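> Input structure: target24.txt, which contains compact mmCIF, C-alpha atoms.
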```txt
# COMPACT_ATOMS: atom_id res chain seq x y z
CA MET A 9 212.35 32.19 64.98
CA SER A 10 209.91 34.91 64.04
CA GLU A 11 210.64 34.22 60.37
CA ILE A 12 208.87 30.82 60.55
CA PRO A 13 205.77 30.91 58.31
CA ARG A 14 202.55 31.06 60.30
CA TRP A 15 199.21 29.77 59.19
CA THR A 16 195.56 30.15 60.03
CA PRO A 17 192.76 27.67 59.14
CA LYS A 18 190.56 28.35 56.13
CA TYR A 19 186.89 27.83 56.76
CA LEU A 20 185.27 27.09 53.43
CA THR A 21 181.83 25.82 52.58
CA SER A 22 183.13 22.97 50.42
CA TRP A 23 183.89 19.73 52.35
CA GLU A 24 186.93 18.86 50.22
CA GLU A 25 188.73 22.10 50.89
CA SER A 26 187.95 22.47 54.63
CA GLY A 27 190.99 22.18 56.89
CA ALA A 28 193.28 23.92 54.39
CA MET A 29 195.54 26.61 55.77
CA SER A 30 196.19 30.15 54.59
CA PRO A 31 199.07 32.44 55.57
CA ALA A 32 198.46 34.40 58.77
CA VAL A 33 199.32 38.05 59.18
CA HIS A 34 199.27 38.12 63.01
CA GLY A 35 199.70 35.10 65.30
CA GLY A 36 198.60 31.82 63.79
CA TYR A 37 199.91 28.28 63.85
CA VAL A 38 203.37 27.01 62.97
CA ASP A 39 203.63 23.91 60.79
CA TYR A 40 205.71 21.15 62.43
CA THR A 41 208.00 20.69 59.41
CA ASP A 42 208.62 24.46 59.26
CA HIS A 43 209.45 24.43 62.99
CA VAL A 44 211.95 21.56 62.60
CA ALA A 45 213.58 23.25 59.61
CA ALA A 46 213.94 26.52 61.57
CA LEU A 47 215.51 24.70 64.54
CA LYS A 48 218.03 22.95 62.27
CA ALA A 49 218.93 26.27 60.65
CA ALA A 50 219.36 27.91 64.06
CA ARG A 51 221.63 25.10 65.25
CA ASN A 52 223.77 25.41 62.13
CA GLU A 53 224.38 29.07 62.97
CA LEU A 54 225.76 28.22 66.44
CA PRO A 55 229.49 27.57 66.86
CA ASP A 56 230.44 23.92 67.34
CA VAL A 57 231.41 23.52 70.98
CA GLY A 58 231.25 19.73 71.21
CA SER A 59 228.90 17.92 73.50
CA TRP A 60 227.33 19.91 76.28
CA SER A 61 226.33 18.76 79.71
CA PRO A 62 225.07 20.92 82.56
CA GLU A 63 227.40 21.88 85.37
CA PRO A 64 226.99 19.79 88.52
CA LYS A 65 225.15 21.40 91.41
CA PHE A 66 228.27 21.18 93.64
CA LYS A 67 232.02 20.83 93.05
CA ASP A 68 234.80 19.00 94.90
CA GLY A 69 235.51 20.67 98.21
CA ASP A 70 232.07 22.26 98.64
CA ARG A 71 230.63 22.12 102.14
CA VAL A 72 227.18 20.51 101.98
CA ARG A 73 224.48 19.37 104.36
CA ASN A 74 221.65 16.88 104.28
CA ASP A 75 218.89 16.51 106.87
CA MET A 76 221.27 15.50 109.67
CA PHE A 77 224.94 16.04 108.83
CA ILE A 78 227.44 18.51 107.40
CA GLY A 79 230.26 17.27 105.16
CA THR A 80 232.58 17.92 102.23
CA VAL A 81 232.10 16.74 98.62
CA THR A 82 235.02 14.45 97.76
CA SER A 83 234.02 13.28 94.25
CA ILE A 84 231.22 13.52 91.70
CA GLU A 85 229.76 10.86 89.42
CA THR A 86 227.76 12.18 86.47
CA TYR A 87 225.24 10.07 84.58
CA ASP A 88 223.32 10.91 81.39
CA ASP A 89 220.02 9.45 82.54
CA GLN A 90 219.86 10.62 86.17
CA ASP A 91 220.93 13.32 88.63
CA ASP A 92 224.57 13.69 89.65
CA GLU A 93 225.75 11.52 92.54
CA PHE A 94 228.07 13.10 95.10
CA TRP A 95 230.42 11.28 97.45
CA VAL A 96 230.42 13.19 100.72
CA SER A 97 232.84 12.80 103.62
CA TRP A 98 230.83 13.65 106.74
CA ASP A 99 232.31 15.70 109.58
CA LYS A 100 231.05 13.21 112.17
CA GLY A 101 232.76 10.33 110.33
CA GLY A 102 231.94 8.09 107.42
CA GLN A 103 231.41 8.70 103.75
CA SER A 104 228.34 8.11 101.60
CA GLN A 105 226.98 8.63 98.12
CA CYS A 106 224.17 11.21 97.94
CA ASP A 107 221.75 12.32 95.26
CA SER A 108 221.91 16.04 94.47
CA ARG A 109 218.27 16.43 95.52
CA THR A 110 219.10 15.49 99.14
CA LEU A 111 221.94 18.00 99.55
CA THR A 112 222.08 21.75 100.05
CA LEU A 113 225.04 24.08 100.17
CA TYR A 114 226.16 24.61 103.77
CA VAL A 115 226.46 28.25 104.76
CA PRO A 116 227.99 28.52 108.25
CA PRO A 117 226.39 30.94 110.70
CA THR A 118 228.14 34.23 111.32
CA PRO A 119 229.85 34.69 114.69
CA ALA A 120 227.03 37.03 115.76
CA GLU A 121 224.48 34.28 115.00
CA LEU A 122 226.51 31.50 116.63
CA ILE A 123 227.77 33.12 119.85
CA PRO A 124 224.34 33.43 121.56
CA THR A 125 223.72 29.70 120.99
CA LEU A 126 226.99 28.52 122.54
CA LYS A 127 226.98 26.70 125.87
CA GLU A 128 229.77 26.56 128.38
CA HIS A 129 232.37 23.82 127.68
CA GLU A 130 231.63 23.65 123.92
CA TRP A 131 234.69 23.73 121.63
CA VAL A 132 235.09 26.42 118.96
CA ARG A 133 237.65 27.65 116.46
CA GLY A 134 237.72 30.65 114.15
CA THR A 135 239.65 33.49 112.53
CA TYR A 136 240.20 37.18 113.29
CA LYS A 137 238.87 39.95 111.01
CA SER A 138 241.91 42.19 111.30
CA THR A 139 244.65 39.64 110.60
CA GLY A 140 242.92 36.54 109.23
CA ILE A 141 244.91 34.46 111.74
CA ALA A 142 243.19 31.28 112.88
CA PHE A 143 242.70 30.38 116.54
CA GLY A 144 241.42 27.39 118.47
CA PRO A 145 240.20 24.92 119.23
CA TYR A 146 239.22 26.53 122.53
CA THR A 147 236.50 25.71 125.01
CA VAL A 148 233.83 28.28 125.79
CA TYR A 149 233.74 29.50 129.41
CA TYR A 150 232.46 32.33 131.57
CA ASN A 151 235.05 34.23 133.59
CA GLU A 152 234.60 35.29 137.22
CA ILE A 153 232.57 38.39 136.31
CA GLY A 154 230.31 36.64 133.75
CA ALA A 155 231.86 37.51 130.39
CA MET A 156 231.91 34.71 127.77
CA PHE A 157 235.33 33.75 126.45
CA ALA A 158 236.90 31.15 124.18
CA GLY A 159 240.60 31.00 124.98
CA ASP A 160 241.70 34.65 125.04
CA ASN A 161 238.84 35.72 122.79
CA HIS A 162 236.17 37.87 124.34
CA LEU A 163 232.80 36.66 122.92
CA ILE A 164 230.15 38.44 125.04
CA HIS A 165 230.77 41.42 127.33
CA TRP A 166 229.61 40.76 130.90
CA ASN A 167 227.99 44.13 131.55
CA THR A 168 226.51 45.19 128.20
CA GLY A 169 225.82 41.75 126.70
CA LYS A 170 227.40 43.04 123.48
CA ILE A 171 228.63 40.33 121.10
CA SER A 172 232.22 40.69 119.91
CA ASP A 173 232.66 41.96 116.35
CA GLU A 174 236.39 41.22 116.04
CA LEU A 175 235.89 37.65 114.72
CA ALA A 176 235.61 36.92 110.98
CA THR A 177 234.54 33.29 111.47
CA LEU A 178 233.58 31.07 114.37
CA GLU A 179 232.44 27.46 114.28
CA ARG A 180 231.86 24.58 116.65
CA CYS A 181 234.48 21.85 116.55
CA ASP A 182 235.53 18.67 118.31
CA ALA A 183 237.87 18.72 121.27
CA PRO A 184 241.53 18.22 120.30
CA GLU A 185 242.85 14.68 120.59
CA VAL A 186 245.23 14.15 123.44
CA LYS A 187 247.85 11.52 122.69
```
Could you show the structure in this file as structure tokens?


Amino acid sequence: MSEIPRWTPKYLTSWEESGAMSPAVHGGYVDYTDHVAALKAARNELPDVGSWSPEPKFKDGDRVRNDMFIGTVTSIETYDDQDDEFWVSWDKGGQSQCDSRTLTLYVPPTPAELIPTLKEHEWVRGTYKSTGIAFGPYTVYYNEIGAMFAGDNHLIHWNTGKISDELATLERCDAPEVK
């Protein structure tokens, strides 16, 4: 848009001619009609791609959180005059419609961040780094010498306090239903 003509005010002594504009060499003002003409010309140079609308903040299947809950986006409603509305199925039950401003992408804690916060008798599930195989749900417990376990998975060593690094993912979960 640098080819748009630029103008600078002329300051003359005659009242009739004051306010006239002369071409500017550096800087200066752009006339509105010149600006509109340049925008139209620039748009004509672009390929026709049809109507454009911005991508939604989240997509179906994204894990999201609001102030209190974590859930999964199940559908999206897009409106021209307002923010996208997302239907979210919450992990603790229920479904609701949420404005994109109230949601953030949920990034689960790493096993190293989660393990120190676990309490005995909480339920967890996860996957192994080496094989990618899932395990759980298991309850967290301390064995007779004080090491933290979940099922057969060693979480914290009893003597060194070292956190296990063999887990790719670990998350809290509900106890399995017994029928």

> Determine the nearest neighbour of A:Thr125 from the options A:Leu47, A:Ile153, A:Val148, A:Ile84, counting only C-alpha atoms.

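Between A:Leu47, A:Ile153, A:Val148, A:Ile84, the residue approaching A:Thr125 most closely is A:Val148.
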
> Within 9 Å of stretch 94-99 of chain A, counting all atoms listed in the file, which residues qualify if same-chain residues fewer than 3 places away don't, as a list in words?

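The residues that qualify are Phe66, Lys67, Asp68, Val72, Arg73, Phe77, Ile78, Gly79, Thr80, Val81, Thr82, Ser83, Ile84, Glu85, Thr86, Gly102, Gln103, Ser104, Gln105, Cys106, Asp107 and Ser108 of chain A.
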
> Would you please work out which residue, of A:Glu53, A:Asp91, A:Thr110, A:Thr41, is nearest to A:Asp75 when using all atoms listed in the file?

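The answer is A:Thr110, which sits nearest to A:Asp75.
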
> Could you please give me, as a PyMOL selection string, the residues of protein, DNA or RNA lying at most 12 Å from (232.2, 25.1, 119.1) in the coordinate frame of the file, considering all atoms listed in the file?

chain A and resi 117+119+122-134+144-149+157-159+177-184

> Report the distance between atom CA of A:Gly69 and atom CA of A:Lys137 in Å, rounded to one decimal place.

23.4 Å
